[in-house]
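S.K.: My structure file final_19.txt, compact mmCIF, N, CA and C atoms, is below:
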```txt
# COMPACT_ATOMS: atom_id res chain seq x y z
N MET A 1 0.84 -1.18 0.00
CA MET A 1 0.00 0.00 0.00
C MET A 1 0.88 1.25 0.00
N ARG A 2 0.59 2.17 -0.85
CA ARG A 2 1.37 3.38 -1.00
C ARG A 2 0.89 4.45 -0.04
N ARG A 3 1.83 5.14 0.59
CA ARG A 3 1.47 6.22 1.50
C ARG A 3 0.98 7.42 0.71
N ARG A 4 -0.05 8.04 1.22
CA ARG A 4 -0.58 9.23 0.58
C ARG A 4 0.21 10.45 1.06
N ARG A 5 0.69 11.22 0.13
CA ARG A 5 1.43 12.42 0.49
C ARG A 5 0.47 13.56 0.75
N LEU A 6 0.75 14.29 1.78
CA LEU A 6 -0.05 15.46 2.08
C LEU A 6 0.49 16.63 1.28
N LYS A 7 -0.37 17.30 0.57
CA LYS A 7 0.03 18.45 -0.22
C LYS A 7 -0.12 19.71 0.62
N MET A 8 0.90 20.52 0.59
CA MET A 8 0.87 21.79 1.29
C MET A 8 0.76 22.91 0.27
N THR A 9 0.04 23.94 0.61
CA THR A 9 0.02 25.11 -0.25
C THR A 9 1.36 25.82 -0.14
N ARG A 10 1.64 26.70 -1.07
CA ARG A 10 2.90 27.44 -1.03
C ARG A 10 3.00 28.23 0.27
N ARG A 11 1.91 28.85 0.66
CA ARG A 11 1.91 29.64 1.90
C ARG A 11 2.19 28.75 3.12
N GLU A 12 1.52 27.58 3.18
CA GLU A 12 1.75 26.66 4.31
C GLU A 12 3.21 26.22 4.35
N MET A 13 3.79 25.95 3.18
CA MET A 13 5.18 25.53 3.13
C MET A 13 6.10 26.63 3.63
N LEU A 14 5.89 27.85 3.17
CA LEU A 14 6.75 28.97 3.57
C LEU A 14 6.64 29.26 5.07
N GLU A 15 5.47 29.01 5.66
CA GLU A 15 5.26 29.27 7.08
C GLU A 15 5.60 28.07 7.96
N SER A 16 5.87 26.93 7.34
CA SER A 16 6.18 25.72 8.12
C SER A 16 7.59 25.80 8.71
N VAL A 17 7.80 24.99 9.72
CA VAL A 17 9.10 24.92 10.38
C VAL A 17 9.69 23.53 10.11
N PRO A 18 10.81 23.47 9.37
CA PRO A 18 11.42 22.16 9.13
C PRO A 18 12.14 21.64 10.37
N HIS A 19 12.10 20.33 10.53
CA HIS A 19 12.78 19.64 11.63
C HIS A 19 13.59 18.50 11.05
N LEU A 20 14.79 18.31 11.57
CA LEU A 20 15.59 17.16 11.15
C LEU A 20 15.01 15.91 11.78
N ASN A 21 14.99 14.83 11.02
CA ASN A 21 14.48 13.55 11.52
C ASN A 21 15.42 13.05 12.61
N SER A 22 14.90 12.81 13.78
CA SER A 22 15.72 12.37 14.92
C SER A 22 16.23 10.94 14.75
N GLN A 23 15.65 10.19 13.82
CA GLN A 23 16.11 8.82 13.60
C GLN A 23 17.24 8.74 12.58
N VAL A 24 17.62 9.89 12.04
CA VAL A 24 18.74 9.95 11.10
C VAL A 24 19.99 10.32 11.89
N ARG A 25 21.07 9.63 11.58
CA ARG A 25 22.37 9.97 12.20
C ARG A 25 23.07 10.98 11.29
N TRP A 26 23.29 12.17 11.81
CA TRP A 26 23.92 13.25 11.05
C TRP A 26 25.39 13.28 11.43
N GLU A 27 26.26 12.78 10.56
CA GLU A 27 27.69 12.69 10.85
C GLU A 27 28.41 13.90 10.25
N HIS A 28 29.16 14.59 11.09
CA HIS A 28 29.97 15.72 10.64
C HIS A 28 31.36 15.20 10.30
N LEU A 29 31.73 15.28 9.04
CA LEU A 29 33.00 14.74 8.56
C LEU A 29 34.13 15.75 8.73
N GLU A 30 35.35 15.26 8.70
CA GLU A 30 36.52 16.14 8.84
C GLU A 30 36.57 17.19 7.74
N SER A 31 36.01 16.87 6.58
CA SER A 31 35.99 17.80 5.45
C SER A 31 35.06 18.99 5.69
N GLY A 32 34.24 18.90 6.73
CA GLY A 32 33.28 19.96 7.03
C GLY A 32 31.90 19.63 6.49
N GLU A 33 31.80 18.61 5.66
CA GLU A 33 30.52 18.21 5.11
C GLU A 33 29.76 17.34 6.11
N VAL A 34 28.49 17.16 5.82
CA VAL A 34 27.64 16.34 6.68
C VAL A 34 27.12 15.15 5.87
N MET A 35 27.09 14.00 6.52
CA MET A 35 26.52 12.81 5.90
C MET A 35 25.33 12.35 6.73
N ALA A 36 24.23 12.12 6.04
CA ALA A 36 23.03 11.60 6.68
C ALA A 36 23.04 10.09 6.52
N VAL A 37 22.93 9.36 7.62
CA VAL A 37 22.91 7.90 7.60
C VAL A 37 21.58 7.47 8.19
N TYR A 38 20.84 6.66 7.41
CA TYR A 38 19.51 6.27 7.85
C TYR A 38 19.12 4.92 7.28
N GLU A 39 18.16 4.28 7.95
CA GLU A 39 17.64 3.00 7.46
C GLU A 39 16.66 3.27 6.34
N GLN A 40 16.79 2.50 5.28
CA GLN A 40 15.89 2.63 4.14
C GLN A 40 14.55 2.00 4.47
N GLU A 41 13.51 2.65 4.00
CA GLU A 41 12.18 2.10 4.18
C GLU A 41 11.97 1.02 3.11
N ARG A 42 11.54 -0.14 3.54
CA ARG A 42 11.35 -1.25 2.62
C ARG A 42 9.95 -1.80 2.74
N ARG A 43 9.19 -1.60 1.68
CA ARG A 43 7.83 -2.13 1.62
C ARG A 43 7.62 -2.69 0.23
N GLY A 44 6.71 -3.62 0.14
CA GLY A 44 6.31 -4.16 -1.16
C GLY A 44 7.48 -4.73 -1.95
N PHE A 45 7.62 -4.26 -3.19
CA PHE A 45 8.67 -4.76 -4.07
C PHE A 45 10.06 -4.45 -3.55
N ARG A 46 10.23 -3.31 -2.91
CA ARG A 46 11.55 -2.97 -2.35
C ARG A 46 12.00 -4.01 -1.33
N LYS A 47 11.06 -4.46 -0.53
CA LYS A 47 11.38 -5.46 0.49
C LYS A 47 11.79 -6.78 -0.18
N LEU A 48 11.05 -7.17 -1.22
CA LEU A 48 11.36 -8.39 -1.96
C LEU A 48 12.72 -8.29 -2.63
N PHE A 49 12.97 -7.19 -3.34
CA PHE A 49 14.25 -7.02 -4.01
C PHE A 49 15.41 -6.95 -3.02
N ALA A 50 15.18 -6.37 -1.87
CA ALA A 50 16.23 -6.28 -0.86
C ALA A 50 16.65 -7.67 -0.40
N ARG A 51 15.69 -8.57 -0.29
CA ARG A 51 16.02 -9.95 0.11
C ARG A 51 16.76 -10.68 -0.99
N VAL A 52 16.27 -10.52 -2.21
CA VAL A 52 16.86 -11.24 -3.35
C VAL A 52 18.26 -10.71 -3.66
N LEU A 53 18.42 -9.39 -3.67
CA LEU A 53 19.69 -8.79 -4.06
C LEU A 53 20.61 -8.50 -2.88
N ALA A 54 20.16 -8.74 -1.68
CA ALA A 54 20.94 -8.50 -0.47
C ALA A 54 21.47 -7.06 -0.42
N THR A 55 20.58 -6.11 -0.64
CA THR A 55 20.98 -4.71 -0.58
C THR A 55 21.10 -4.26 0.87
N PRO A 56 21.97 -3.30 1.13
CA PRO A 56 22.14 -2.84 2.52
C PRO A 56 20.88 -2.16 3.04
N ALA A 57 20.66 -2.31 4.34
CA ALA A 57 19.48 -1.71 4.97
C ALA A 57 19.71 -0.24 5.29
N VAL A 58 20.96 0.19 5.22
CA VAL A 58 21.31 1.57 5.58
C VAL A 58 21.68 2.35 4.32
N ALA A 59 21.18 3.57 4.24
CA ALA A 59 21.51 4.46 3.13
C ALA A 59 22.31 5.64 3.68
N GLN A 60 23.11 6.22 2.81
CA GLN A 60 23.91 7.38 3.18
C GLN A 60 23.74 8.45 2.13
N VAL A 61 23.64 9.69 2.58
CA VAL A 61 23.58 10.83 1.67
C VAL A 61 24.63 11.82 2.14
N LEU A 62 25.58 12.12 1.25
CA LEU A 62 26.62 13.09 1.55
C LEU A 62 26.14 14.45 1.05
N LEU A 63 26.06 15.40 1.95
CA LEU A 63 25.61 16.75 1.60
C LEU A 63 26.80 17.59 1.17
N ASP A 64 26.61 18.38 0.13
CA ASP A 64 27.67 19.29 -0.30
C ASP A 64 27.73 20.49 0.65
N ASP A 65 28.57 21.47 0.31
CA ASP A 65 28.73 22.64 1.19
C ASP A 65 27.42 23.38 1.40
N VAL A 66 26.66 23.55 0.33
CA VAL A 66 25.40 24.27 0.43
C VAL A 66 24.42 23.48 1.30
N GLY A 67 24.29 22.18 1.02
CA GLY A 67 23.39 21.33 1.79
C GLY A 67 23.77 21.30 3.26
N THR A 68 25.06 21.26 3.53
CA THR A 68 25.56 21.25 4.91
C THR A 68 25.15 22.53 5.63
N LYS A 69 25.27 23.67 4.96
CA LYS A 69 24.88 24.94 5.60
C LYS A 69 23.38 25.01 5.82
N VAL A 70 22.61 24.51 4.85
CA VAL A 70 21.15 24.54 4.98
C VAL A 70 20.72 23.65 6.14
N VAL A 71 21.23 22.43 6.19
CA VAL A 71 20.87 21.50 7.27
C VAL A 71 21.32 22.06 8.61
N GLY A 72 22.47 22.72 8.63
CA GLY A 72 22.94 23.35 9.87
C GLY A 72 22.05 24.48 10.34
N ALA A 73 21.34 25.10 9.40
CA ALA A 73 20.45 26.21 9.74
C ALA A 73 19.06 25.74 10.17
N ILE A 74 18.77 24.46 9.96
CA ILE A 74 17.48 23.92 10.38
C ILE A 74 17.56 23.64 11.87
N ASP A 75 16.90 24.49 12.64
CA ASP A 75 17.01 24.41 14.10
C ASP A 75 15.68 24.12 14.79
N GLY A 76 14.63 23.87 14.00
CA GLY A 76 13.32 23.61 14.60
C GLY A 76 12.60 24.86 15.05
N VAL A 77 13.18 26.02 14.76
CA VAL A 77 12.56 27.30 15.13
C VAL A 77 12.33 28.15 13.88
N ARG A 78 13.32 28.20 13.00
CA ARG A 78 13.22 29.00 11.78
C ARG A 78 12.18 28.41 10.83
N THR A 79 11.43 29.28 10.22
CA THR A 79 10.47 28.86 9.20
C THR A 79 11.20 28.72 7.86
N VAL A 80 10.53 28.10 6.91
CA VAL A 80 11.10 27.98 5.57
C VAL A 80 11.35 29.38 5.01
N GLN A 81 10.44 30.30 5.26
CA GLN A 81 10.60 31.69 4.79
C GLN A 81 11.89 32.30 5.34
N GLU A 82 12.18 32.06 6.61
CA GLU A 82 13.41 32.58 7.21
C GLU A 82 14.64 31.88 6.64
N LEU A 83 14.52 30.60 6.34
CA LEU A 83 15.63 29.89 5.72
C LEU A 83 15.91 30.42 4.32
N ILE A 84 14.88 30.83 3.61
CA ILE A 84 15.08 31.41 2.28
C ILE A 84 15.92 32.69 2.41
N GLY A 85 15.61 33.51 3.39
CA GLY A 85 16.40 34.71 3.64
C GLY A 85 17.84 34.36 3.97
N PHE A 86 18.05 33.33 4.78
CA PHE A 86 19.39 32.87 5.12
C PHE A 86 20.16 32.46 3.86
N VAL A 87 19.53 31.64 3.03
CA VAL A 87 20.18 31.15 1.80
C VAL A 87 20.49 32.32 0.86
N ALA A 88 19.55 33.24 0.71
CA ALA A 88 19.77 34.40 -0.16
C ALA A 88 20.97 35.22 0.32
N ASP A 89 21.06 35.46 1.62
CA ASP A 89 22.17 36.24 2.17
C ASP A 89 23.49 35.47 2.10
N GLU A 90 23.45 34.21 2.50
CA GLU A 90 24.66 33.38 2.59
C GLU A 90 25.32 33.16 1.22
N PHE A 91 24.49 32.98 0.19
CA PHE A 91 25.03 32.63 -1.13
C PHE A 91 24.82 33.74 -2.16
N ARG A 92 24.46 34.92 -1.69
CA ARG A 92 24.28 36.09 -2.54
C ARG A 92 23.38 35.80 -3.74
N LEU A 93 22.21 35.29 -3.43
CA LEU A 93 21.21 34.98 -4.45
C LEU A 93 20.05 35.95 -4.32
N SER A 94 19.30 36.09 -5.39
CA SER A 94 18.06 36.86 -5.27
C SER A 94 17.11 36.04 -4.41
N ARG A 95 16.13 36.71 -3.86
CA ARG A 95 15.16 36.02 -3.01
C ARG A 95 14.44 34.91 -3.79
N LYS A 96 14.10 35.17 -5.04
CA LYS A 96 13.40 34.19 -5.87
C LYS A 96 14.30 32.98 -6.16
N GLU A 97 15.57 33.21 -6.51
CA GLU A 97 16.51 32.11 -6.75
C GLU A 97 16.66 31.25 -5.51
N ALA A 98 16.80 31.91 -4.36
CA ALA A 98 16.95 31.18 -3.10
C ALA A 98 15.70 30.37 -2.79
N GLU A 99 14.52 30.94 -3.04
CA GLU A 99 13.26 30.24 -2.77
C GLU A 99 13.13 28.99 -3.63
N VAL A 100 13.35 29.14 -4.93
CA VAL A 100 13.22 28.01 -5.84
C VAL A 100 14.20 26.90 -5.47
N SER A 101 15.44 27.26 -5.25
CA SER A 101 16.47 26.27 -4.91
C SER A 101 16.18 25.58 -3.58
N LEU A 102 15.85 26.37 -2.57
CA LEU A 102 15.62 25.81 -1.24
C LEU A 102 14.39 24.91 -1.21
N LEU A 103 13.30 25.34 -1.84
CA LEU A 103 12.09 24.52 -1.84
C LEU A 103 12.34 23.19 -2.54
N LYS A 104 13.09 23.20 -3.63
CA LYS A 104 13.40 21.95 -4.34
C LYS A 104 14.27 21.05 -3.44
N TYR A 105 15.24 21.64 -2.77
CA TYR A 105 16.13 20.88 -1.89
C TYR A 105 15.37 20.30 -0.71
N LEU A 106 14.52 21.10 -0.08
CA LEU A 106 13.73 20.61 1.05
C LEU A 106 12.76 19.52 0.62
N GLU A 107 12.24 19.63 -0.59
CA GLU A 107 11.36 18.58 -1.12
C GLU A 107 12.11 17.25 -1.22
N MET A 108 13.36 17.31 -1.71
CA MET A 108 14.17 16.10 -1.81
C MET A 108 14.45 15.51 -0.43
N LEU A 109 14.80 16.36 0.52
CA LEU A 109 15.05 15.88 1.89
C LEU A 109 13.78 15.29 2.49
N GLY A 110 12.65 15.91 2.21
CA GLY A 110 11.37 15.42 2.71
C GLY A 110 11.00 14.07 2.11
N GLN A 111 11.24 13.89 0.82
CA GLN A 111 10.93 12.61 0.16
C GLN A 111 11.76 11.48 0.74
N ARG A 112 12.97 11.78 1.14
CA ARG A 112 13.83 10.75 1.76
C ARG A 112 13.58 10.62 3.26
N ARG A 113 12.65 11.41 3.75
CA ARG A 113 12.27 11.44 5.17
C ARG A 113 13.44 11.85 6.09
N LEU A 114 14.28 12.71 5.58
CA LEU A 114 15.36 13.24 6.38
C LEU A 114 14.90 14.48 7.14
N VAL A 115 13.87 15.12 6.61
CA VAL A 115 13.32 16.34 7.20
C VAL A 115 11.80 16.24 7.20
N GLY A 116 11.19 16.73 8.26
CA GLY A 116 9.74 16.83 8.34
C GLY A 116 9.36 18.29 8.51
N PHE A 117 8.10 18.60 8.32
CA PHE A 117 7.65 19.99 8.37
C PHE A 117 6.50 20.14 9.35
N GLU A 118 6.67 21.07 10.26
CA GLU A 118 5.64 21.37 11.25
C GLU A 118 4.84 22.57 10.76
N THR A 119 3.56 22.38 10.66
CA THR A 119 2.69 23.51 10.31
C THR A 119 1.97 23.95 11.57
N ARG A 120 1.83 25.22 11.68
CA ARG A 120 1.17 25.78 12.86
C ARG A 120 -0.21 26.24 12.48
N PRO A 121 -1.18 26.03 13.37
CA PRO A 121 -2.55 26.48 13.05
C PRO A 121 -2.60 28.00 12.88
N GLU A 122 -3.45 28.42 11.97
CA GLU A 122 -3.59 29.85 11.73
C GLU A 122 -4.24 30.51 12.94
N GLU A 123 -3.72 31.69 13.27
CA GLU A 123 -4.28 32.45 14.38
C GLU A 123 -5.49 33.21 13.88
N GLU A 124 -6.52 33.25 14.69
CA GLU A 124 -7.74 33.95 14.28
C GLU A 124 -7.84 35.29 14.93
```
Take the structure in the file and write it out as structure tokens.
M.R.:
Amino acid sequence: MRRRRLKMTRREMLESVPHLNSQVRWEHLESGEVMAVYEQERRGFRKLFARVLATPAVAQVLLDDVGTKVVGAIDGVRTVQELIGFVADEFRLSRKEAEVSLLKYLEMLGQRRLVGFETRPEEE
């Protein structure tokens, strides 16, 4: 059975607060980069292929300099909107360039379940 993805509006995404997955081991390497080490989710055909092909249960993702700085800025307090400002300032990008790049990157981290997003109820 496939998990249903929750769709967020652009506004909800910008106002959400990203959190690093506590079940991921974030290793800081001597090079200054960060490596995410986590157990792969195995369901359905993936589980079958994993048995047949004896694939490792652990996956690793090496973050580049930009990814390392972005993950380092995810503190469970800053919103995505604030992170866009950080990326724009840190890498001298226009606000739009920073937004497009960061949202795509956070989407990738979210798909791998390395990052989750907390949405806060709207105040009335």
S.K.: Just want the 9 Å neighbourhood of Glu33 of chain A, counted on only C-alpha atoms, with same-chain residues fewer than 5 positions away dropped. Output as a PyMOL selection string.
M.R.: chain A and resi 27-28+62-65+67-69
S.K.: Mind pulling up the distance from atom CA of Glu30 of chain A to atom CA of Gly110 of chain A?
M.R.: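 Distance between the two atoms: 25.9 Å.
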S.K.: Counting all atoms listed in the file, which residue out of A:Met35, A:Leu109, A:Ala73, A:Ala98 sits closest to Ala59 of chain A?
M.R.: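 Checking each candidate against Ala59 of chain A, we get A:Met35 as the closest.
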S.K.: To one decimal place, how far is atom CA of Asp89 of chain A from atom CA of Lys104 of chain A in Å?
M.R.: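 Computed distance, atom CA of Asp89 of chain A to atom CA of Lys104 of chain A, equals 18.0 Å.
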S.K.: Can you tell me how far atom CA of Glu39 of chain A sits from atom C of Gln60 of chain A, in Å to one decimal?
M.R.: 9.8 Å
S.K.: Give me the residues near Val37 of chain A as a PyMOL selection string, where near means some atom within 7 Å (using only C-alpha atoms) and where sequence neighbours in that chain fewer than 3 positions away do not count.
M.R.: chain A and resi 24-26+58-61
